[in-house]
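Single-structure report; data block below.
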Amino acid sequence: MALDRDNEAVSPLINGISFQTTTALVSTLGALRGQGHSPAVASTIVLDAVLMSAISLLKTAVNNDLVGVTAPIGDVLHQRLDQLLKMQFRVHAQRADGSFDPAGQAMS
């Protein structure tokens, strides 16, 4: 699963999907908190669901010949997660109306 891509061209796609997904997940986190779950429990529920979805996405793609991998799926996911954690990312503050600041603040 080599990354032979133009990062400049695909970054708006990645950012858009990430922003939409994060918005939905923050909403889910709030709903879990509203159901009485502690912040730690609510956040681990959401994080576990996200990670399980990533695993399921890759396994489904491999099983349907949409993606090829040259290492075990777990190794591929660990490697990619390590790469992503080293990258700079942006934190988007939530506004009073529930939307998020699209510019965000850079963090690494």
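Convention: chains lettered A, B, ... in structure tokens order; per-chain residue numbering from 1; ligands numbered from 1 as shown.
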As a VMD selection string, list the residues of chain A assigned to helix (DSSP H, G or I) by DSSP on the backbone atoms of this structure.
chain A and resid 7 to 34 39 to 63 73 to 86
- Do you know which residues are at most 12 Å from segment 66-83 of chain A counting only C-alpha atoms, after dropping those on the same chain fewer than 2 positions away, and could you put them as a list in words?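 Skipping anything fewer than 2 positions along the chain leaves Met1, Ala2, Leu3, Leu51, Met52, Ser53, Ala54, Ile55, Ser56, Leu57, Leu58, Lys59, Thr60, Ala61, Val62, Asn63, Asn64, Leu85, Lys86, Met87, Gln88 and Phe89 of chain A.
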Atom CA of Ile14 of chain A to atom CA of Pro39 of chain A, straight-line distance in Å =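 Here the two named atoms are 27.3 Å from each other.
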Query - Distance query Ala24 of chain A at most 12 Å, only C-alpha atoms, self and fewer than 6 positions along chain excluded, as a ChimeraX atom specification - result: /A:17-18,30-31,46,50,98-100
Write the residues of the preceding selection, restricted to N, CA and C atoms, as a PDB file, in the first residue's frame.
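Full text of result-v3.pdb as output:
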```pdb
ATOM      1  N   ILE A  17     -12.697  15.230   4.214  1.00  0.00           N
ATOM      2  CA  ILE A  17     -13.233  14.006   4.831  1.00  0.00           C
ATOM      3  C   ILE A  17     -12.937  14.004   6.325  1.00  0.00           C
ATOM      4  N   SER A  18     -11.730  14.396   6.690  1.00  0.00           N
ATOM      5  CA  SER A  18     -11.347  14.437   8.096  1.00  0.00           C
ATOM      6  C   SER A  18     -12.218  15.421   8.878  1.00  0.00           C
ATOM      7  N   GLY A  30     -20.330  14.096  22.289  1.00  0.00           N
ATOM      8  CA  GLY A  30     -21.258  14.881  23.102  1.00  0.00           C
ATOM      9  C   GLY A  30     -22.498  14.093  23.476  1.00  0.00           C
ATOM     10  N   ALA A  31     -23.013  13.318  22.534  1.00  0.00           N
ATOM     11  CA  ALA A  31     -24.201  12.494  22.809  1.00  0.00           C
ATOM     12  C   ALA A  31     -23.894  11.442  23.870  1.00  0.00           C
ATOM     13  N   VAL A  46     -15.527   6.276  21.284  1.00  0.00           N
ATOM     14  CA  VAL A  46     -15.424   6.877  19.949  1.00  0.00           C
ATOM     15  C   VAL A  46     -14.108   6.506  19.286  1.00  0.00           C
ATOM     16  N   VAL A  50     -13.513   4.379  15.811  1.00  0.00           N
ATOM     17  CA  VAL A  50     -12.747   4.922  14.677  1.00  0.00           C
ATOM     18  C   VAL A  50     -11.660   3.937  14.253  1.00  0.00           C
ATOM     19  N   GLY A  98     -22.063  25.685  16.951  1.00  0.00           N
ATOM     20  CA  GLY A  98     -21.836  24.251  16.764  1.00  0.00           C
ATOM     21  C   GLY A  98     -20.920  23.927  15.603  1.00  0.00           C
ATOM     22  N   SER A  99     -20.656  24.893  14.732  1.00  0.00           N
ATOM     23  CA  SER A  99     -19.734  24.664  13.620  1.00  0.00           C
ATOM     24  C   SER A  99     -18.298  24.745  14.133  1.00  0.00           C
ATOM     25  N   PHE A 100     -17.360  24.428  13.257  1.00  0.00           N
ATOM     26  CA  PHE A 100     -15.956  24.444  13.645  1.00  0.00           C
ATOM     27  C   PHE A 100     -15.190  25.451  12.804  1.00  0.00           C
TER      28      PHE A 100
END
```
For the strand (DSSP E or B) assignment from backbone DSSP, which residues of segment 33-101 of chain A qualify? Please present them as a PyMOL selection string. chain A and resi 89-91+94+100
